[in-house]
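> coords-v5.cif is the file, holding mmCIF, C-alpha atoms:
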```
data_protein
loop_
_atom_site.group_PDB
_atom_site.id
_atom_site.type_symbol
_atom_site.label_atom_id
_atom_site.label_comp_id
_atom_site.auth_asym_id
_atom_site.auth_seq_id
_atom_site.Cartn_x
_atom_site.Cartn_y
_atom_site.Cartn_z
ATOM 1 C CA ASP A 1 -9.462 -39.872 16.996
ATOM 2 C CA LEU A 2 -7.160 -36.860 17.000
ATOM 3 C CA SER A 3 -3.414 -36.818 16.404
ATOM 4 C CA ILE A 4 -0.583 -34.361 15.775
ATOM 5 C CA THR A 5 2.182 -35.041 13.253
ATOM 6 C CA GLY A 6 5.351 -33.301 12.139
ATOM 7 C CA ASN A 7 6.410 -33.418 8.501
ATOM 8 C CA LEU A 8 9.457 -32.688 6.376
ATOM 9 C CA ALA A 9 8.781 -32.731 2.635
ATOM 10 C CA PHE A 10 10.627 -31.913 -0.580
ATOM 11 C CA GLY A 11 9.224 -31.470 -4.075
ATOM 12 C CA TYR A 12 9.176 -29.351 -7.215
ATOM 13 C CA VAL A 13 6.537 -26.998 -8.568
ATOM 14 C CA SER A 14 6.641 -25.868 -12.181
ATOM 15 C CA GLY A 15 4.680 -24.073 -14.871
ATOM 16 C CA ASN A 16 4.921 -23.214 -18.545
ATOM 17 C CA ASP A 17 2.771 -20.670 -20.384
ATOM 18 C CA ARG A 18 3.143 -22.515 -23.676
ATOM 19 C CA HIS A 19 0.613 -25.064 -22.417
ATOM 20 C CA THR A 20 -2.232 -22.536 -22.072
ATOM 21 C CA GLN A 21 -4.568 -21.330 -24.812
ATOM 22 C CA GLU A 22 -5.226 -18.021 -23.044
ATOM 23 C CA THR A 23 -3.895 -15.408 -25.468
ATOM 24 C CA PHE A 24 -1.944 -13.120 -23.168
ATOM 25 C CA ARG A 25 -0.471 -15.820 -20.948
ATOM 26 C CA ASN A 26 0.650 -17.837 -23.963
ATOM 27 C CA ASN A 27 2.228 -14.689 -25.378
ATOM 28 C CA ARG A 28 3.906 -14.004 -22.009
ATOM 29 C CA ASN A 29 5.740 -17.330 -22.438
ATOM 30 C CA LEU A 30 7.046 -17.629 -18.882
ATOM 31 C CA GLN A 31 8.494 -20.947 -17.773
ATOM 32 C CA PHE A 32 9.700 -21.834 -14.295
ATOM 33 C CA ARG A 33 10.477 -24.564 -11.841
ATOM 34 C CA SER A 34 11.107 -24.252 -8.126
ATOM 35 C CA PRO A 35 12.262 -26.721 -5.486
ATOM 36 C CA VAL A 36 10.147 -26.583 -2.336
ATOM 37 C CA LEU A 37 11.489 -27.744 1.032
ATOM 38 C CA GLU A 38 8.729 -27.695 3.634
ATOM 39 C CA THR A 39 8.444 -28.428 7.324
ATOM 40 C CA SER A 40 5.080 -28.382 9.075
ATOM 41 C CA VAL A 41 3.041 -29.444 12.074
ATOM 42 C CA GLN A 42 -0.524 -30.563 11.490
ATOM 43 C CA GLY A 43 -3.462 -31.881 13.447
ATOM 44 C CA GLU A 44 -5.369 -34.875 12.081
ATOM 45 C CA TRP A 45 -8.952 -35.854 12.813
ATOM 46 C CA PHE A 46 -9.945 -39.406 11.877
ATOM 47 C CA PHE A 47 -13.563 -39.281 10.783
ATOM 48 C CA TYR A 48 -13.560 -42.937 9.692
ATOM 49 C CA THR A 49 -11.593 -45.598 11.563
ATOM 50 C CA ASP A 50 -10.632 -49.204 10.913
ATOM 51 C CA GLY A 51 -11.552 -50.769 14.242
ATOM 52 C CA LYS A 52 -12.177 -50.360 17.947
ATOM 53 C CA VAL A 53 -9.452 -50.284 20.569
ATOM 54 C CA GLY A 54 -10.128 -51.867 23.951
ATOM 55 C CA ALA A 55 -8.176 -52.419 27.160
ATOM 56 C CA ARG A 56 -4.376 -52.523 26.875
ATOM 57 C CA TYR A 57 -4.729 -50.902 23.404
ATOM 58 C CA ARG A 58 -5.777 -54.197 21.808
ATOM 59 C CA ASP A 59 -8.034 -54.254 18.778
ATOM 60 C CA GLN A 60 -11.420 -55.579 19.817
ATOM 61 C CA THR A 61 -12.087 -56.757 16.279
ATOM 62 C CA ARG A 62 -9.925 -59.765 15.448
ATOM 63 C CA ASN A 63 -11.056 -60.341 11.867
ATOM 64 C CA ILE A 64 -10.061 -57.209 10.038
ATOM 65 C CA GLY A 65 -12.170 -56.900 6.905
ATOM 66 C CA TRP A 66 -11.970 -54.682 3.830
ATOM 67 C CA ILE A 67 -14.939 -52.543 4.828
ATOM 68 C CA GLY A 68 -15.039 -50.682 8.115
ATOM 69 C CA TYR A 69 -12.004 -52.207 9.788
ATOM 70 C CA ARG A 70 -9.098 -51.796 7.365
ATOM 71 C CA LEU A 71 -9.681 -48.219 6.235
ATOM 72 C CA ARG A 72 -9.063 -45.013 8.156
ATOM 73 C CA GLY A 73 -9.962 -41.638 6.703
ATOM 74 C CA TYR A 74 -8.838 -38.295 8.100
ATOM 75 C CA VAL A 75 -8.734 -34.571 7.438
ATOM 76 C CA PHE A 76 -5.906 -32.333 8.555
ATOM 77 C CA ALA A 77 -4.806 -28.721 8.917
ATOM 78 C CA GLY A 78 -1.719 -27.091 10.333
ATOM 79 C CA ILE A 79 1.027 -24.539 9.900
ATOM 80 C CA GLY A 80 4.449 -24.711 8.317
ATOM 81 C CA GLY A 81 7.260 -22.928 6.558
ATOM 82 C CA PHE A 82 8.960 -23.564 3.248
ATOM 83 C CA PHE A 83 11.997 -22.584 1.202
ATOM 84 C CA PHE A 84 11.626 -21.948 -2.532
ATOM 85 C CA ASN A 85 13.977 -20.940 -5.342
ATOM 86 C CA PRO A 86 12.323 -20.198 -8.721
ATOM 87 C CA GLN A 87 14.448 -20.973 -11.766
ATOM 88 C CA GLY A 88 14.022 -20.363 -15.487
ATOM 89 C CA TYR A 89 15.565 -21.886 -18.606
ATOM 90 C CA PHE A 90 17.646 -19.571 -20.779
ATOM 91 C CA ASP A 91 17.414 -20.226 -24.533
ATOM 92 C CA GLY A 92 19.999 -18.179 -26.391
ATOM 93 C CA ALA A 93 18.425 -18.705 -29.808
ATOM 94 C CA HIS A 94 15.084 -17.448 -28.500
ATOM 95 C CA TYR A 95 16.747 -14.497 -26.769
ATOM 96 C CA LEU A 96 18.095 -13.263 -30.112
ATOM 97 C CA THR A 97 14.520 -13.082 -31.503
ATOM 98 C CA LEU A 98 13.414 -10.585 -28.834
ATOM 99 C CA ASN A 99 12.972 -6.958 -29.850
ATOM 100 C CA HIS A 100 14.548 -5.821 -26.581
ATOM 101 C CA ALA A 101 17.660 -8.039 -26.796
ATOM 102 C CA THR A 102 20.859 -5.952 -26.677
ATOM 103 C CA ILE A 103 23.650 -8.501 -26.135
ATOM 104 C CA PRO A 104 25.360 -10.111 -29.170
ATOM 105 C CA SER A 105 25.433 -13.881 -29.526
ATOM 106 C CA ASP A 106 29.140 -14.210 -28.669
ATOM 107 C CA GLN A 107 28.557 -12.665 -25.216
ATOM 108 C CA LEU A 108 25.518 -14.701 -24.190
ATOM 109 C CA PRO A 109 25.537 -17.108 -21.252
ATOM 110 C CA SER A 110 25.145 -20.826 -21.857
ATOM 111 C CA ASP A 111 21.695 -22.297 -22.311
ATOM 112 C CA GLY A 112 20.397 -23.810 -19.085
ATOM 113 C CA TRP A 113 18.553 -23.241 -15.821
ATOM 114 C CA TYR A 114 19.260 -20.085 -13.812
ATOM 115 C CA ASN A 115 18.054 -18.819 -10.440
ATOM 116 C CA LEU A 116 15.549 -16.018 -11.033
ATOM 117 C CA ARG A 117 15.551 -14.192 -7.699
ATOM 118 C CA PRO A 118 19.018 -12.579 -8.201
ATOM 119 C CA LEU A 119 17.962 -11.340 -11.666
ATOM 120 C CA SER A 120 15.360 -8.822 -10.423
ATOM 121 C CA THR A 121 12.975 -9.686 -13.265
ATOM 122 C CA GLU A 122 10.387 -7.149 -12.067
ATOM 123 C CA GLY A 123 12.919 -4.596 -10.848
ATOM 124 C CA GLN A 124 13.068 -5.917 -7.277
ATOM 125 C CA GLY A 125 16.065 -4.402 -5.526
ATOM 126 C CA PHE A 126 16.618 -1.601 -8.065
ATOM 127 C CA GLU A 127 15.886 1.098 -5.499
ATOM 128 C CA ASP A 128 16.623 4.031 -7.807
ATOM 129 C CA ASN A 129 14.162 2.714 -10.403
ATOM 130 C CA PHE A 130 11.569 0.898 -8.277
ATOM 131 C CA PRO A 131 11.854 2.023 -4.639
ATOM 132 C CA THR A 132 8.752 0.064 -3.574
ATOM 133 C CA ARG A 133 9.813 -3.248 -5.125
ATOM 134 C CA LYS A 134 11.925 -5.040 -2.560
ATOM 135 C CA LYS A 135 13.695 -8.362 -3.005
ATOM 136 C CA TYR A 136 11.359 -11.154 -1.989
ATOM 137 C CA PHE A 137 12.475 -13.522 0.759
ATOM 138 C CA PRO A 138 12.902 -17.202 -0.268
ATOM 139 C CA VAL A 139 11.348 -18.495 2.977
ATOM 140 C CA ASN A 140 7.629 -18.151 3.577
ATOM 141 C CA LEU A 141 4.709 -19.348 5.670
ATOM 142 C CA ALA A 142 2.380 -22.132 4.510
ATOM 143 C CA ILE A 143 -1.013 -23.292 5.778
ATOM 144 C CA PRO A 144 -1.421 -26.987 4.890
ATOM 145 C CA PHE A 145 -4.834 -28.647 4.834
ATOM 146 C CA GLY A 146 -6.298 -31.658 3.088
ATOM 147 C CA ILE A 147 -7.501 -35.241 3.364
ATOM 148 C CA GLY A 148 -5.910 -38.663 3.652
ATOM 149 C CA MET A 149 -6.548 -42.337 4.205
ATOM 150 C CA THR A 150 -4.683 -45.401 5.464
ATOM 151 C CA LEU A 151 -5.275 -49.067 4.630
ATOM 152 C CA SER A 152 -4.231 -51.728 7.147
ATOM 153 C CA LEU A 153 -2.475 -54.663 5.493
ATOM 154 C CA SER A 154 -1.943 -56.393 8.831
ATOM 155 C CA ARG A 155 -1.895 -55.414 12.490
ATOM 156 C CA GLU A 156 1.597 -53.969 11.984
ATOM 157 C CA TRP A 157 1.714 -52.704 8.391
ATOM 158 C CA SER A 158 -0.328 -49.992 6.734
ATOM 159 C CA ILE A 159 -0.180 -47.992 3.514
ATOM 160 C CA GLY A 160 -1.807 -44.661 2.834
ATOM 161 C CA MET A 161 -2.351 -41.667 0.618
ATOM 162 C CA GLU A 162 -2.568 -37.993 1.546
ATOM 163 C CA TYR A 163 -3.535 -35.027 -0.615
ATOM 164 C CA GLY A 164 -2.789 -31.595 0.758
ATOM 165 C CA PHE A 165 -3.216 -28.004 -0.411
ATOM 166 C CA ARG A 166 -0.780 -25.316 0.749
ATOM 167 C CA LYS A 167 -1.871 -21.709 1.058
ATOM 168 C CA THR A 168 1.128 -19.365 1.014
ATOM 169 C CA PHE A 169 1.701 -15.685 1.666
ATOM 170 C CA THR A 170 3.964 -14.945 -1.290
ATOM 171 C CA ASP A 171 3.206 -14.179 -4.923
ATOM 172 C CA TYR A 172 6.720 -15.010 -6.090
ATOM 173 C CA LEU A 173 6.722 -18.803 -6.093
ATOM 174 C CA ASP A 174 6.912 -18.454 -9.892
ATOM 175 C CA ASP A 175 8.905 -15.160 -9.793
ATOM 176 C CA ALA A 176 5.977 -13.260 -11.339
ATOM 177 C CA SER A 177 3.729 -10.818 -9.499
ATOM 178 C CA THR A 178 3.362 -7.308 -10.911
ATOM 179 C CA THR A 179 4.174 -5.500 -14.187
ATOM 180 C CA TYR A 180 6.778 -5.552 -16.943
ATOM 181 C CA VAL A 181 9.788 -3.293 -16.504
ATOM 182 C CA ASP A 182 11.753 -1.363 -19.098
ATOM 183 C CA PRO A 183 14.471 -3.837 -20.202
ATOM 184 C CA ALA A 184 16.969 -0.957 -20.271
ATOM 185 C CA VAL A 185 16.969 -1.086 -16.469
ATOM 186 C CA PHE A 186 19.245 -4.124 -16.532
ATOM 187 C CA ALA A 187 21.984 -2.465 -18.581
ATOM 188 C CA SER A 188 21.842 0.650 -16.398
ATOM 189 C CA ASN A 189 22.239 -1.373 -13.193
ATOM 190 C CA TRP A 190 24.630 -4.069 -14.420
ATOM 191 C CA GLU A 191 26.852 -2.161 -16.818
ATOM 192 C CA GLY A 192 29.871 -4.207 -17.865
ATOM 193 C CA ASN A 193 28.195 -7.573 -17.182
ATOM 194 C CA PRO A 194 26.696 -8.621 -20.552
ATOM 195 C CA SER A 195 25.879 -12.146 -19.447
ATOM 196 C CA ARG A 196 23.773 -10.952 -16.508
ATOM 197 C CA ILE A 197 22.154 -8.231 -18.614
ATOM 198 C CA ALA A 198 21.082 -10.845 -21.164
ATOM 199 C CA LEU A 199 19.586 -13.031 -18.435
ATOM 200 C CA GLY A 200 17.666 -10.089 -16.978
ATOM 201 C CA GLU A 201 16.345 -9.002 -20.368
ATOM 202 C CA TYR A 202 15.306 -12.540 -21.224
ATOM 203 C CA PHE A 203 13.643 -13.677 -18.023
ATOM 204 C CA SER A 204 11.846 -10.372 -17.470
ATOM 205 C CA ASN A 205 10.097 -10.769 -20.820
ATOM 206 C CA PRO A 206 10.634 -13.971 -22.860
ATOM 207 C CA THR A 207 7.598 -13.254 -25.065
ATOM 208 C CA ASN A 208 6.992 -15.334 -28.179
ATOM 209 C CA TYR A 209 4.781 -12.671 -29.846
ATOM 210 C CA SER A 210 2.080 -15.308 -30.352
ATOM 211 C CA TYR A 211 -0.725 -12.752 -29.847
ATOM 212 C CA ARG A 212 -0.009 -11.483 -33.369
ATOM 213 C CA ASP A 213 -1.292 -14.769 -34.797
ATOM 214 C CA LYS A 214 -4.728 -14.368 -33.213
ATOM 215 C CA PRO A 215 -7.565 -13.156 -35.479
ATOM 216 C CA GLY A 216 -7.882 -9.383 -35.422
ATOM 217 C CA MET A 217 -4.822 -8.818 -33.218
ATOM 218 C CA ALA A 218 -2.084 -8.268 -35.802
ATOM 219 C CA ASN A 219 -2.060 -4.531 -35.020
ATOM 220 C CA TYR A 220 -2.802 -4.887 -31.292
ATOM 221 C CA PRO A 221 -0.346 -3.003 -29.025
ATOM 222 C CA ASP A 222 2.365 -5.206 -27.549
ATOM 223 C CA PRO A 223 0.952 -6.499 -24.210
ATOM 224 C CA THR A 224 4.459 -6.887 -22.780
ATOM 225 C CA LEU A 225 5.465 -3.220 -22.930
ATOM 226 C CA PRO A 226 6.796 -1.655 -19.690
ATOM 227 C CA GLY A 227 3.977 -1.086 -17.220
ATOM 228 C CA GLN A 228 1.707 -3.760 -18.699
ATOM 229 C CA GLN A 229 0.453 -6.500 -16.397
ATOM 230 C CA ARG A 230 2.846 -9.434 -16.072
ATOM 231 C CA ALA A 231 1.004 -11.240 -13.265
ATOM 232 C CA ASN A 232 -1.747 -10.651 -10.702
ATOM 233 C CA PRO A 233 -0.372 -9.152 -7.461
ATOM 234 C CA HIS A 234 -3.689 -9.640 -5.647
ATOM 235 C CA ASN A 235 -3.597 -13.461 -5.573
ATOM 236 C CA ASP A 236 -0.852 -15.210 -3.614
ATOM 237 C CA ASP A 237 0.524 -18.480 -4.929
ATOM 238 C CA ALA A 238 -0.331 -21.972 -3.691
ATOM 239 C CA TYR A 239 0.940 -25.496 -4.212
ATOM 240 C CA MET A 240 -0.150 -29.056 -3.469
ATOM 241 C CA PHE A 241 1.456 -32.288 -2.293
ATOM 242 C CA LEU A 242 0.365 -35.889 -2.882
ATOM 243 C CA PHE A 243 1.980 -38.319 -0.427
ATOM 244 C CA LEU A 244 2.074 -42.106 -0.631
ATOM 245 C CA THR A 245 2.954 -43.578 2.757
ATOM 246 C CA VAL A 246 4.111 -46.877 4.255
ATOM 247 C CA GLN A 247 3.698 -47.255 8.016
ATOM 248 C CA TYR A 248 4.730 -49.815 10.616
ATOM 249 C CA LYS A 249 3.100 -50.076 14.033
ATOM 250 C CA ILE A 250 5.827 -49.995 16.691
ATOM 251 C CA ILE A 251 5.072 -51.802 19.951
ATOM 252 C CA THR A 252 6.766 -49.630 22.579
ATOM 253 C CA GLY A 253 5.456 -51.519 25.601
ATOM 254 C CA PRO A 254 2.782 -53.944 26.765
ATOM 255 C CA THR A 255 0.167 -51.199 26.916
ATOM 256 C CA GLN A 256 1.050 -48.950 24.008
ATOM 257 C CA ARG A 257 1.106 -49.112 20.245
ATOM 258 C CA ARG A 258 1.453 -46.316 17.794
ATOM 259 C CA TRP A 259 1.865 -45.774 14.063
ATOM 260 C CA ALA A 260 5.284 -44.702 12.783
ATOM 261 C CA PRO A 261 5.673 -43.506 9.175
ATOM 262 C CA LEU A 262 8.458 -45.313 7.317
ATOM 263 C CA ILE A 263 8.119 -43.698 3.907
ATOM 264 C CA ARG A 264 6.320 -40.459 3.179
#
```
Could you rewrite the structure in this file as structure tokens?

Amino acid sequence: DLSITGNLAFGYVSGNDRHTQETFRNNRNLQFRSPVLETSVQGEWFFYTDGKVGARYRDQTRNIGWIGYRLRGYVFAGIGGFFFNPQGYFDGAHYLTLNHATIPSDQLPSDGWYNLRPLSTEGQGFEDNFPTRKKYFPVNLAIPFGIGMTLSLSREWSIGMEYGFRKTFTDYLDDASTTYVDPAVFASNWEGNPSRIALGEYFSNPTNYSYRDKPGMANYPDPTLPGQQRANPHNDDAYMFLFLTVQYKIITGPTQRRWAPLIR
């Protein structure tokens, strides 16, 4: 069996370098979350089906059993688009521990989550300083593909599960792609706005200096200096969805039945 479906999905992706043991990523100390709103069209191929359909779309098998007649397995692939908006959490106490912090405590913004795209954390949009680093667009293309299954509870009701991987064409889902910038760039571009300067300085490089605690690295050069690698620009980001579904079979006429998702 083949089918085509349209989807609208919403979720969050997130990451936190404090949870990794890799020295330089832990020292980088980036943290983010991003809502993802996705719409897509995908084709589904059912490689394992729960029964045979005869004339007038009636199931030929009356006694639906657990094996062979209740389960349907499928693979899918398609194309879609998604909106994303990476955010980071500002910690004023941590900001004041940074060597590159320039804003006094009484001029800091409140602790909390802030949108990262307007803060140009890698110099995006500072044309005089980084003419090749343009602002990234918050809408991008996604290629969904994965596998799913449905389980018939009756001739009308079915539940299912679907796991899908999304290939994207952006490296800024987490607002990190290239190299560290000189933190002085924020003061030079946003003079007179101490709150925004502090946010730029912090989110561009919220290092915790943890590399110094590693054996033999006490005198190692700071890996977050301007020009050092902040992320890998050669690998675009990806995300995944896990759907749990409830479906009801709508009888639209004497000769037609089809599955309609109720919850996805």
> On this structure, which residues satisfy the PyMOL selection byres ((chain A and resi 124-140) around 6), written as a list in words?
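Expected selection for the PyMOL selection byres ((chain A and resi 124-140) around 6) here is Gly81, Phe82, Phe83, Phe84, Ser120, Glu122, Gly123 and Leu141 of chain A.
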> Hey, which of A:Ile250, A:Leu96, A:Val181, A:Val13 ends up closest to Thr121 in chain A? Count all atoms listed in the file.
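Counting all atoms listed in the file, the residue closest to Thr121 in chain A is A:Val181.
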> Compare A:Tyr202, A:Asp237, A:Lys249, A:Gly216 by their minimum atom-to-atom distance to Ala101 in chain A, counting all atoms listed in the file, and give me the closest one.
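The closest residue to Ala101 in chain A is A:Tyr202.
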> Which one of A:Glu22, A:Asp1, A:Asp174, A:Asp17 sits closest to Ala238 in chain A if you count all atoms listed in the file?
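Among A:Glu22, A:Asp1, A:Asp174, A:Asp17, it is A:Asp174 that comes nearest to Ala238 in chain A.
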> Expand the PyMOL selection byres ((chain A and resi 107-117) around 6) into the individual residues it matches in the shown file, reporting them as a list in words.
Pro86, Gln87, Gly88, Tyr89, Phe90, Asp91, Pro104, Ser105, Asp106, Pro118, Leu119 and Ser195 of chain A
> Just how far from CA of Ala9 in chain A is CA of Thr49 in chain A, in Å to one decimal?
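Computing the Euclidean distance for CA of Thr49 in chain A and CA of Ala9 in chain A yields 25.7 Å.
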> Emit range 155-179 of chain A of the structure in the block as a file comprising N, CA and C atoms, as a PDB file, in the first residue's frame.

```pdb
ATOM      1  N   ARG A 155     -12.276  -2.329  14.187  1.00  0.00           N
ATOM      2  CA  ARG A 155     -12.333  -1.981  12.772  1.00  0.00           C
ATOM      3  C   ARG A 155     -12.395  -0.472  12.563  1.00  0.00           C
ATOM      4  N   GLU A 156     -12.635   0.288  13.616  1.00  0.00           N
ATOM      5  CA  GLU A 156     -12.678   1.745  13.504  1.00  0.00           C
ATOM      6  C   GLU A 156     -11.477   2.427  14.148  1.00  0.00           C
ATOM      7  N   TRP A 157     -10.998   1.898  15.263  1.00  0.00           N
ATOM      8  CA  TRP A 157      -9.968   2.584  16.049  1.00  0.00           C
ATOM      9  C   TRP A 157      -8.596   1.949  15.870  1.00  0.00           C
ATOM     10  N   SER A 158      -7.593   2.816  15.851  1.00  0.00           N
ATOM     11  CA  SER A 158      -6.212   2.361  15.716  1.00  0.00           C
ATOM     12  C   SER A 158      -5.300   3.318  16.476  1.00  0.00           C
ATOM     13  N   ILE A 159      -4.220   2.792  17.017  1.00  0.00           N
ATOM     14  CA  ILE A 159      -3.185   3.618  17.625  1.00  0.00           C
ATOM     15  C   ILE A 159      -1.875   3.346  16.894  1.00  0.00           C
ATOM     16  N   GLY A 160      -0.934   4.257  17.016  1.00  0.00           N
ATOM     17  CA  GLY A 160       0.313   4.064  16.294  1.00  0.00           C
ATOM     18  C   GLY A 160       1.471   4.831  16.885  1.00  0.00           C
ATOM     19  N   MET A 161       2.632   4.577  16.326  1.00  0.00           N
ATOM     20  CA  MET A 161       3.857   5.261  16.717  1.00  0.00           C
ATOM     21  C   MET A 161       4.677   5.511  15.457  1.00  0.00           C
ATOM     22  N   GLU A 162       5.292   6.699  15.401  1.00  0.00           N
ATOM     23  CA  GLU A 162       6.105   7.053  14.238  1.00  0.00           C
ATOM     24  C   GLU A 162       7.374   7.747  14.698  1.00  0.00           C
ATOM     25  N   TYR A 163       8.503   7.268  14.205  1.00  0.00           N
ATOM     26  CA  TYR A 163       9.799   7.879  14.514  1.00  0.00           C
ATOM     27  C   TYR A 163      10.382   8.425  13.230  1.00  0.00           C
ATOM     28  N   GLY A 164      10.693   9.720  13.238  1.00  0.00           N
ATOM     29  CA  GLY A 164      11.191  10.342  12.021  1.00  0.00           C
ATOM     30  C   GLY A 164      12.412  11.202  12.246  1.00  0.00           C
ATOM     31  N   PHE A 165      13.346  11.136  11.318  1.00  0.00           N
ATOM     32  CA  PHE A 165      14.564  11.945  11.316  1.00  0.00           C
ATOM     33  C   PHE A 165      14.369  13.086  10.323  1.00  0.00           C
ATOM     34  N   ARG A 166      14.853  14.283  10.674  1.00  0.00           N
ATOM     35  CA  ARG A 166      14.741  15.431   9.789  1.00  0.00           C
ATOM     36  C   ARG A 166      16.119  15.950   9.406  1.00  0.00           C
ATOM     37  N   LYS A 167      16.451  15.838   8.144  1.00  0.00           N
ATOM     38  CA  LYS A 167      17.672  16.461   7.634  1.00  0.00           C
ATOM     39  C   LYS A 167      17.341  17.907   7.301  1.00  0.00           C
ATOM     40  N   THR A 168      18.184  18.839   7.742  1.00  0.00           N
ATOM     41  CA  THR A 168      17.961  20.251   7.442  1.00  0.00           C
ATOM     42  C   THR A 168      19.110  20.803   6.604  1.00  0.00           C
ATOM     43  N   PHE A 169      18.970  22.049   6.213  1.00  0.00           N
ATOM     44  CA  PHE A 169      19.985  22.715   5.409  1.00  0.00           C
ATOM     45  C   PHE A 169      20.441  24.005   6.087  1.00  0.00           C
ATOM     46  N   THR A 170      20.458  23.963   7.423  1.00  0.00           N
ATOM     47  CA  THR A 170      20.981  25.063   8.219  1.00  0.00           C
ATOM     48  C   THR A 170      21.894  24.508   9.300  1.00  0.00           C
ATOM     49  N   ASP A 171      22.885  25.280   9.684  1.00  0.00           N
ATOM     50  CA  ASP A 171      23.767  24.897  10.784  1.00  0.00           C
ATOM     51  C   ASP A 171      23.525  25.773  12.010  1.00  0.00           C
ATOM     52  N   TYR A 172      22.389  26.478  12.012  1.00  0.00           N
ATOM     53  CA  TYR A 172      22.127  27.420  13.095  1.00  0.00           C
ATOM     54  C   TYR A 172      20.908  27.053  13.931  1.00  0.00           C
ATOM     55  N   LEU A 173      20.510  25.793  13.915  1.00  0.00           N
ATOM     56  CA  LEU A 173      19.415  25.369  14.778  1.00  0.00           C
ATOM     57  C   LEU A 173      19.761  25.620  16.245  1.00  0.00           C
ATOM     58  N   ASP A 174      21.053  25.512  16.570  1.00  0.00           N
ATOM     59  CA  ASP A 174      21.543  25.776  17.923  1.00  0.00           C
ATOM     60  C   ASP A 174      22.287  27.104  18.018  1.00  0.00           C
ATOM     61  N   ASP A 175      22.247  27.927  16.969  1.00  0.00           N
ATOM     62  CA  ASP A 175      22.909  29.234  16.917  1.00  0.00           C
ATOM     63  C   ASP A 175      24.435  29.118  16.976  1.00  0.00           C
ATOM     64  N   ALA A 176      24.986  27.993  16.593  1.00  0.00           N
ATOM     65  CA  ALA A 176      26.444  27.825  16.610  1.00  0.00           C
ATOM     66  C   ALA A 176      26.884  27.166  15.312  1.00  0.00           C
ATOM     67  N   SER A 177      27.865  27.791  14.623  1.00  0.00           N
ATOM     68  CA  SER A 177      28.293  27.227  13.350  1.00  0.00           C
ATOM     69  C   SER A 177      29.772  27.417  13.051  1.00  0.00           C
ATOM     70  N   THR A 178      30.364  28.560  13.412  1.00  0.00           N
ATOM     71  CA  THR A 178      31.706  28.841  12.905  1.00  0.00           C
ATOM     72  C   THR A 178      32.720  29.058  14.033  1.00  0.00           C
ATOM     73  N   THR A 179      33.227  30.283  14.177  1.00  0.00           N
ATOM     74  CA  THR A 179      34.313  30.553  15.125  1.00  0.00           C
ATOM     75  C   THR A 179      33.907  31.634  16.129  1.00  0.00           C
TER      76      THR A 179
END
```
